[in-house]
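A.B. asks: Below is a structure I'd like to ask you about.
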Amino acid sequence: MEIKRIAVIGAGLMGTGIAYQAARFGIEVNLNDIKQEFITNGMNKIKSMVKTGVDKGKIDLKAAKSIVDGIKPVLDVAEAVKDVDMVVEAIFENMEVKKELFKKIDAAARPDTILASNTSSLSISEMASVTSRPEKFIGTHFFSPVPAMKLVEVVVGDKSSDETIETAIAFSKKLDKTPVKVKDSPGFIVNRILIPVLTEAVKILQEGLASAEDIDTAMSLGANFPAGPLQLADFVGLDIARATAETLERGFGACYAPPKLLVEKVDKGELGMKSGKGFYEYK
Ligand SMILES: NC(=O)c1ccc[n+]([C@@H]2O[C@H](COP(=O)([O-])OP(=O)(O)OC[C@H]3O[C@@H](n4cnc5c(N)ncnc54)[C@H](O)[C@@H]3O)[C@@H](O)[C@H]2O)c1
């Protein structure tokens, strides 16, 4: 099936990025969140992404208008998903909340609609199990910032059909991304490798061995990381990093557990760039 209309559920960092990228490549988007103000904030983020695209010469004014016009804010989730080819979920990284949402989506969407999750690490097969269409369920794991990052991990659940996999691959390519296929397993490819790197950096800080700046400088200059691991954790969101580490811990054992300092920061509401403070402060 060619994907022409989608619903993006969750108008946060990833949902707005996915909505922007889809609209940029001519896909109509319904953008949903739990509160009108969150959708409005999301639309404002999209407008500023459009402005950046214009300022950098990546899109012209006509394209800018068609991106904004192509994204419709829809507060009611049933309304948002009722007549689309694909739903991409990008809400909090919490299995129970995602399952509750997918039950609602499954009840309201057309039988042929593909359901996709942008989860960073959680089981696609488990989410699919609460729907009546596990063969039409798949992971499409985009990376942040969505317009710039070229990868999509297409996460194949136990029951994802070949047609669903092919559709997700074609959808990713249409959005100018490079898809890789991976079987459902905690953290998939990137986060299984990346999150332990970030949590080791937090442990070095927690143990008082080096400052945040020196840890980041070390990995930038010594391992050629484009951003230091603590800067990257702030950018990804410390809540997301913690939740992903917890998923890896459940899947692979205690050595993957989020370090105490990371847990404490999330509990204090220090979530990184999005809250203004993480390992660094942001104005
Ligand atoms: N942050 C990253 O770098 C990154 C990268 C790849 C994947 N992800 C994954 O993408 C998902 C979203 O992450 P994010 O960073 O965009 O989070 P975020 O906190 O920026 O945004 C989440 C949004 O979902 C909304 N939401 C929560 N429950 C909802 C519901 N029931 N219905 C509709 N909206 C709801 C929230 O109000 C919020 O606006 C997570 O699963 C995360 O693991 C994140």
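Chain labels follow the order of the structure tokens: the first chain is A, the next B, and so on; residue numbering restarts at 1 in every chain, and ligands are counted from 1 in their shown order.
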Show me which residues are within 6 Å of ligand 1 counting only C-alpha atoms and all ligand atoms, and format the list as a PyMOL selection string.
C.D. replies: chain A and resi 9-15+32-34+38+90-93+101+118-120+141-144+236-237+240
A.B. asks: Output N, CA and C atoms of each residue in that selection to a file, as a PDB file, in the first residue's frame.
C.D. replies:
```pdb
ATOM      1  N   ILE A   9       0.761  10.521  16.396  1.00  0.00           N
ATOM      2  CA  ILE A   9       0.204  10.666  17.740  1.00  0.00           C
ATOM      3  C   ILE A   9       1.340  11.024  18.694  1.00  0.00           C
ATOM      4  N   GLY A  10       1.230  12.209  19.311  1.00  0.00           N
ATOM      5  CA  GLY A  10       2.302  12.736  20.150  1.00  0.00           C
ATOM      6  C   GLY A  10       2.985  13.866  19.394  1.00  0.00           C
ATOM      7  N   ALA A  11       2.808  15.091  19.888  1.00  0.00           N
ATOM      8  CA  ALA A  11       3.363  16.259  19.183  1.00  0.00           C
ATOM      9  C   ALA A  11       4.591  16.799  19.903  1.00  0.00           C
ATOM     10  N   GLY A  12       5.416  15.890  20.451  1.00  0.00           N
ATOM     11  CA  GLY A  12       6.648  16.288  21.130  1.00  0.00           C
ATOM     12  C   GLY A  12       7.806  16.363  20.141  1.00  0.00           C
ATOM     13  N   LEU A  13       9.007  16.130  20.657  1.00  0.00           N
ATOM     14  CA  LEU A  13      10.221  16.243  19.845  1.00  0.00           C
ATOM     15  C   LEU A  13      10.119  15.371  18.579  1.00  0.00           C
ATOM     16  N   MET A  14       9.802  14.095  18.752  1.00  0.00           N
ATOM     17  CA  MET A  14       9.835  13.172  17.609  1.00  0.00           C
ATOM     18  C   MET A  14       8.598  13.304  16.724  1.00  0.00           C
ATOM     19  N   GLY A  15       7.423  13.435  17.364  1.00  0.00           N
ATOM     20  CA  GLY A  15       6.182  13.521  16.582  1.00  0.00           C
ATOM     21  C   GLY A  15       6.208  14.716  15.635  1.00  0.00           C
ATOM     22  N   ASN A  32      -1.809  14.698  16.486  1.00  0.00           N
ATOM     23  CA  ASN A  32      -2.630  14.585  17.692  1.00  0.00           C
ATOM     24  C   ASN A  32      -1.763  14.609  18.955  1.00  0.00           C
ATOM     25  N   ASP A  33      -2.332  15.143  20.039  1.00  0.00           N
ATOM     26  CA  ASP A  33      -1.710  15.023  21.367  1.00  0.00           C
ATOM     27  C   ASP A  33      -2.851  15.055  22.379  1.00  0.00           C
ATOM     28  N   ILE A  34      -2.514  14.916  23.670  1.00  0.00           N
ATOM     29  CA  ILE A  34      -3.587  14.829  24.660  1.00  0.00           C
ATOM     30  C   ILE A  34      -4.223  16.173  25.005  1.00  0.00           C
ATOM     31  N   PHE A  38      -0.630  21.315  23.712  1.00  0.00           N
ATOM     32  CA  PHE A  38       0.539  20.540  23.274  1.00  0.00           C
ATOM     33  C   PHE A  38       0.583  20.476  21.737  1.00  0.00           C
ATOM     34  N   ALA A  90       4.193   8.410  18.636  1.00  0.00           N
ATOM     35  CA  ALA A  90       5.435   8.965  19.214  1.00  0.00           C
ATOM     36  C   ALA A  90       5.105   9.616  20.553  1.00  0.00           C
ATOM     37  N   ILE A  91       4.537   8.813  21.472  1.00  0.00           N
ATOM     38  CA  ILE A  91       4.183   9.342  22.802  1.00  0.00           C
ATOM     39  C   ILE A  91       5.246   8.878  23.800  1.00  0.00           C
ATOM     40  N   PHE A  92       4.977   9.091  25.111  1.00  0.00           N
ATOM     41  CA  PHE A  92       5.964   8.738  26.136  1.00  0.00           C
ATOM     42  C   PHE A  92       6.426   7.291  26.006  1.00  0.00           C
ATOM     43  N   GLU A  93       7.669   7.066  26.416  1.00  0.00           N
ATOM     44  CA  GLU A  93       8.278   5.726  26.328  1.00  0.00           C
ATOM     45  C   GLU A  93       7.794   4.881  27.513  1.00  0.00           C
ATOM     46  N   LEU A 101      -3.191   3.300  24.386  1.00  0.00           N
ATOM     47  CA  LEU A 101      -3.407   4.121  23.194  1.00  0.00           C
ATOM     48  C   LEU A 101      -3.669   3.238  21.977  1.00  0.00           C
ATOM     49  N   ASN A 118       7.150   4.556  17.207  1.00  0.00           N
ATOM     50  CA  ASN A 118       8.495   5.140  17.123  1.00  0.00           C
ATOM     51  C   ASN A 118       9.300   4.829  18.401  1.00  0.00           C
ATOM     52  N   THR A 119       8.836   3.827  19.166  1.00  0.00           N
ATOM     53  CA  THR A 119       9.550   3.508  20.416  1.00  0.00           C
ATOM     54  C   THR A 119      11.054   3.369  20.218  1.00  0.00           C
ATOM     55  N   SER A 120      11.821   3.791  21.246  1.00  0.00           N
ATOM     56  CA  SER A 120      13.286   3.704  21.194  1.00  0.00           C
ATOM     57  C   SER A 120      13.777   2.311  21.550  1.00  0.00           C
ATOM     58  N   HIS A 141      11.486   3.417  13.738  1.00  0.00           N
ATOM     59  CA  HIS A 141      12.246   4.164  14.738  1.00  0.00           C
ATOM     60  C   HIS A 141      13.095   5.236  14.048  1.00  0.00           C
ATOM     61  N   PHE A 142      12.570   6.466  14.109  1.00  0.00           N
ATOM     62  CA  PHE A 142      13.287   7.630  13.559  1.00  0.00           C
ATOM     63  C   PHE A 142      14.269   8.143  14.615  1.00  0.00           C
ATOM     64  N   PHE A 143      15.197   8.980  14.176  1.00  0.00           N
ATOM     65  CA  PHE A 143      16.212   9.533  15.073  1.00  0.00           C
ATOM     66  C   PHE A 143      16.128  11.055  15.072  1.00  0.00           C
ATOM     67  N   SER A 144      16.616  11.648  16.120  1.00  0.00           N
ATOM     68  CA  SER A 144      16.457  13.083  16.329  1.00  0.00           C
ATOM     69  C   SER A 144      17.747  13.846  16.019  1.00  0.00           C
ATOM     70  N   VAL A 236      18.779  13.980  23.633  1.00  0.00           N
ATOM     71  CA  VAL A 236      17.789  12.888  23.492  1.00  0.00           C
ATOM     72  C   VAL A 236      16.676  13.057  24.529  1.00  0.00           C
ATOM     73  N   GLY A 237      17.015  13.538  25.716  1.00  0.00           N
ATOM     74  CA  GLY A 237      16.065  13.621  26.836  1.00  0.00           C
ATOM     75  C   GLY A 237      16.480  12.580  27.872  1.00  0.00           C
ATOM     76  N   ILE A 240      14.039   9.737  28.372  1.00  0.00           N
ATOM     77  CA  ILE A 240      14.076   8.723  27.310  1.00  0.00           C
ATOM     78  C   ILE A 240      15.299   7.817  27.526  1.00  0.00           C
TER      79      ILE A 240
END
```
A.B. asks: Can you list, as a PyMOL selection string, every protein, DNA or RNA residue that comes within 12 Å of Glu213 in chain A when you count only C-alpha atoms, leaving out same-chain residues fewer than 6 positions away?
C.D. replies: chain A and resi 201-202+204-205+219-221+227-231+279-280
A.B. asks: Using only C-alpha atoms, determine which residues lie at most 12 Å from Pro111 in chain A, disregarding the query and same-chain residues fewer than 4 positions distant; provide the list as a ChimeraX atom specification.
C.D. replies: /A:81-86,105-107,115,131-137
A.B. asks: Write out, as a PDB file, in the first residue's frame, the residues just selected, with N, CA and C atoms.
C.D. replies:
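As written to disk, out27.pdb reads:
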```pdb
ATOM      1  N   VAL A  81      -7.200   9.213  13.553  1.00  0.00           N
ATOM      2  CA  VAL A  81      -6.735   7.970  12.904  1.00  0.00           C
ATOM      3  C   VAL A  81      -7.769   7.360  11.972  1.00  0.00           C
ATOM      4  N   LYS A  82      -8.982   7.942  11.945  1.00  0.00           N
ATOM      5  CA  LYS A  82     -10.089   7.194  11.330  1.00  0.00           C
ATOM      6  C   LYS A  82      -9.950   6.982   9.824  1.00  0.00           C
ATOM      7  N   ASP A  83      -9.273   7.854   9.122  1.00  0.00           N
ATOM      8  CA  ASP A  83      -9.184   7.627   7.675  1.00  0.00           C
ATOM      9  C   ASP A  83      -7.765   7.857   7.153  1.00  0.00           C
ATOM     10  N   VAL A  84      -6.810   7.162   7.772  1.00  0.00           N
ATOM     11  CA  VAL A  84      -5.413   7.319   7.330  1.00  0.00           C
ATOM     12  C   VAL A  84      -4.855   5.942   6.940  1.00  0.00           C
ATOM     13  N   ASP A  85      -3.761   5.962   6.165  1.00  0.00           N
ATOM     14  CA  ASP A  85      -3.142   4.706   5.722  1.00  0.00           C
ATOM     15  C   ASP A  85      -2.209   4.134   6.786  1.00  0.00           C
ATOM     16  N   MET A  86      -1.689   5.037   7.624  1.00  0.00           N
ATOM     17  CA  MET A  86      -0.712   4.599   8.627  1.00  0.00           C
ATOM     18  C   MET A  86      -0.784   5.516   9.842  1.00  0.00           C
ATOM     19  N   ILE A 105      -6.639   3.224  19.164  1.00  0.00           N
ATOM     20  CA  ILE A 105      -6.337   3.445  17.742  1.00  0.00           C
ATOM     21  C   ILE A 105      -6.885   2.276  16.915  1.00  0.00           C
ATOM     22  N   ASP A 106      -6.656   1.058  17.408  1.00  0.00           N
ATOM     23  CA  ASP A 106      -7.093  -0.151  16.696  1.00  0.00           C
ATOM     24  C   ASP A 106      -8.612  -0.138  16.495  1.00  0.00           C
ATOM     25  N   ALA A 107      -9.332   0.340  17.521  1.00  0.00           N
ATOM     26  CA  ALA A 107     -10.793   0.358  17.440  1.00  0.00           C
ATOM     27  C   ALA A 107     -11.287   1.412  16.446  1.00  0.00           C
ATOM     28  N   LEU A 115      -0.216   0.181  11.731  1.00  0.00           N
ATOM     29  CA  LEU A 115       0.085   0.853  12.995  1.00  0.00           C
ATOM     30  C   LEU A 115       1.587   0.743  13.259  1.00  0.00           C
ATOM     31  N   THR A 131      -3.691  -5.371  19.848  1.00  0.00           N
ATOM     32  CA  THR A 131      -4.512  -4.952  18.704  1.00  0.00           C
ATOM     33  C   THR A 131      -5.072  -6.182  17.995  1.00  0.00           C
ATOM     34  N   SER A 132      -6.035  -5.930  17.111  1.00  0.00           N
ATOM     35  CA  SER A 132      -6.630  -7.035  16.354  1.00  0.00           C
ATOM     36  C   SER A 132      -5.848  -7.287  15.064  1.00  0.00           C
ATOM     37  N   ARG A 133      -4.713  -6.582  14.880  1.00  0.00           N
ATOM     38  CA  ARG A 133      -3.997  -6.648  13.600  1.00  0.00           C
ATOM     39  C   ARG A 133      -2.476  -6.711  13.777  1.00  0.00           C
ATOM     40  N   PRO A 134      -1.970  -7.701  14.549  1.00  0.00           N
ATOM     41  CA  PRO A 134      -0.515  -7.736  14.777  1.00  0.00           C
ATOM     42  C   PRO A 134       0.289  -7.861  13.492  1.00  0.00           C
ATOM     43  N   GLU A 135      -0.333  -8.400  12.429  1.00  0.00           N
ATOM     44  CA  GLU A 135       0.402  -8.516  11.144  1.00  0.00           C
ATOM     45  C   GLU A 135       0.583  -7.143  10.498  1.00  0.00           C
ATOM     46  N   LYS A 136      -0.235  -6.172  10.907  1.00  0.00           N
ATOM     47  CA  LYS A 136      -0.115  -4.813  10.344  1.00  0.00           C
ATOM     48  C   LYS A 136       0.599  -3.874  11.311  1.00  0.00           C
ATOM     49  N   PHE A 137       1.327  -4.424  12.242  1.00  0.00           N
ATOM     50  CA  PHE A 137       2.014  -3.628  13.258  1.00  0.00           C
ATOM     51  C   PHE A 137       3.530  -3.704  13.027  1.00  0.00           C
TER      52      PHE A 137
END
```
A.B. asks: Using Å and a single decimal, report how far CA of Asp267 in chain A sits from CA of Ala245 in chain A.
C.D. replies: 15.1 Å
A.B. asks: Give one line per residue of range 57-145 of chain A that approaches range 22-29 of chain A to at most 7 Å, naming the two atoms of the closest pair and their distance in Å to one decimal, counting only C-alpha atoms; sort by chain then ascending residue number and deliver it as CSV.
C.D. replies:
```
residue,atom,partner,partner_atom,distance
A:Ile67,CA,A:Ala23,CA,5.0
A:Gly70,CA,A:Glu28,CA,5.2
A:Ile71,CA,A:Val29,CA,4.7
A:Lys72,CA,A:Val29,CA,6.1
```
A.B. asks: DSSP on the backbone, then: every residue of range 13-55 of chain A marked alpha helix (DSSP H), written as JSON, numbers by chain.
C.D. replies: {"A": [13, 14, 15, 16, 17, 18, 19, 20, 21, 22, 23, 24, 36, 37, 38, 39, 40, 41, 42, 43, 44, 45, 46, 47, 48, 49, 50, 51, 52, 53, 54, 55]}
A.B. asks: Excluding Gly139 in chain A and its own-chain neighbours fewer than 2 positions away, which residues fall within 9 Å of it when counting only C-alpha atoms? Please give them as a PyMOL selection string.
C.D. replies: chain A and resi 88+115-119+123-124+137+141+153-157+168+184
A.B. asks: Based on the backbone DSSP call, show me all residues of range 24-264 of chain A assigned strand (DSSP E or B), as an MDAnalysis selection string.
C.D. replies: chainID A and resid 28:32 71:73 86:89 114:117 137:142 151:156 178:183
A.B. asks: Restricting the calculation to only C-alpha atoms, which member of A:Gly272, A:Gly278, A:Val197, A:Pro147 is positioned closest to Phe225 in chain A?
C.D. replies: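 Answer, going by the shortest atom-to-atom distance: A:Val197.
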A.B. asks: Please determine, counting only C-alpha atoms, which residue among A:Asp55, A:Asp76, A:Asp158, A:Glu200 has the shortest atom-to-atom distance to Tyr256 in chain A.
C.D. replies: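 The answer is A:Glu200, which sits nearest to Tyr256 in chain A.
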A.B. asks: Nearest residue to Thr199 in chain A out of A:Ala128, A:Ala19, A:Leu75, A:Leu262, using only C-alpha atoms?
C.D. replies: A:Leu262
A.B. asks: Using only C-alpha atoms for the distances, tell me which of A:Lys104, A:Ala212, A:Gly53, A:Tyr20 is nearest to Val68 in chain A.
C.D. replies: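 Of A:Lys104, A:Ala212, A:Gly53, A:Tyr20, the one nearest Val68 in chain A, counting only C-alpha atoms, is A:Tyr20.
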A.B. asks: If we count only C-alpha atoms, what is near Ser121 in chain A at a cut-off of 12 Å, once residues fewer than 5 positions away on the same chain are taken out, given as a VMD selection string?
C.D. replies: chain A and resid 92 to 95 126 to 127 139 to 142 153 155 182 to 195 240 to 251
A.B. asks: Once you have the residues from the selection above, write them out as a compact mmCIF listing (two decimals), in the first residue's frame, restricted to C-alpha atoms.
C.D. replies:
```
# COMPACT_ATOMS: atom_id res chain seq x y z
CA PHE A 92 5.96 8.74 26.14
CA GLU A 93 8.28 5.73 26.33
CA ASN A 94 5.96 3.70 28.57
CA MET A 95 4.59 0.30 27.55
CA GLU A 126 4.01 -6.78 22.91
CA MET A 127 2.32 -3.58 21.67
CA GLY A 139 8.32 -0.28 14.45
CA THR A 140 9.50 2.78 12.54
CA HIS A 141 12.25 4.16 14.74
CA PHE A 142 13.29 7.63 13.56
CA GLU A 153 15.15 1.25 12.10
CA VAL A 155 11.53 -3.09 13.72
CA VAL A 182 15.99 -5.41 12.70
CA LYS A 183 14.09 -8.08 14.64
CA ASP A 184 12.23 -6.96 17.75
CA SER A 185 14.68 -7.03 20.69
CA PRO A 186 15.36 -4.50 23.50
CA GLY A 187 17.01 -1.34 22.09
CA PHE A 188 17.08 -2.76 18.53
CA ILE A 189 20.51 -1.88 17.02
CA VAL A 190 21.40 1.74 17.76
CA ASN A 191 20.18 2.08 21.34
CA ARG A 192 21.52 -1.31 22.39
CA ILE A 193 24.95 0.06 21.50
CA LEU A 194 24.48 3.78 22.21
CA ILE A 195 22.66 3.82 25.58
CA ILE A 240 14.08 8.72 27.31
CA ALA A 241 17.67 7.65 28.10
CA ARG A 242 16.58 6.32 31.50
CA ALA A 243 13.55 4.48 30.11
CA THR A 244 15.70 2.92 27.39
CA ALA A 245 18.35 1.82 29.91
CA GLU A 246 15.56 0.23 31.99
CA THR A 247 14.34 -1.69 28.95
CA LEU A 248 17.89 -2.95 28.30
CA GLU A 249 18.19 -3.91 31.99
CA ARG A 250 14.97 -5.95 31.79
CA GLY A 251 16.19 -7.62 28.61
```
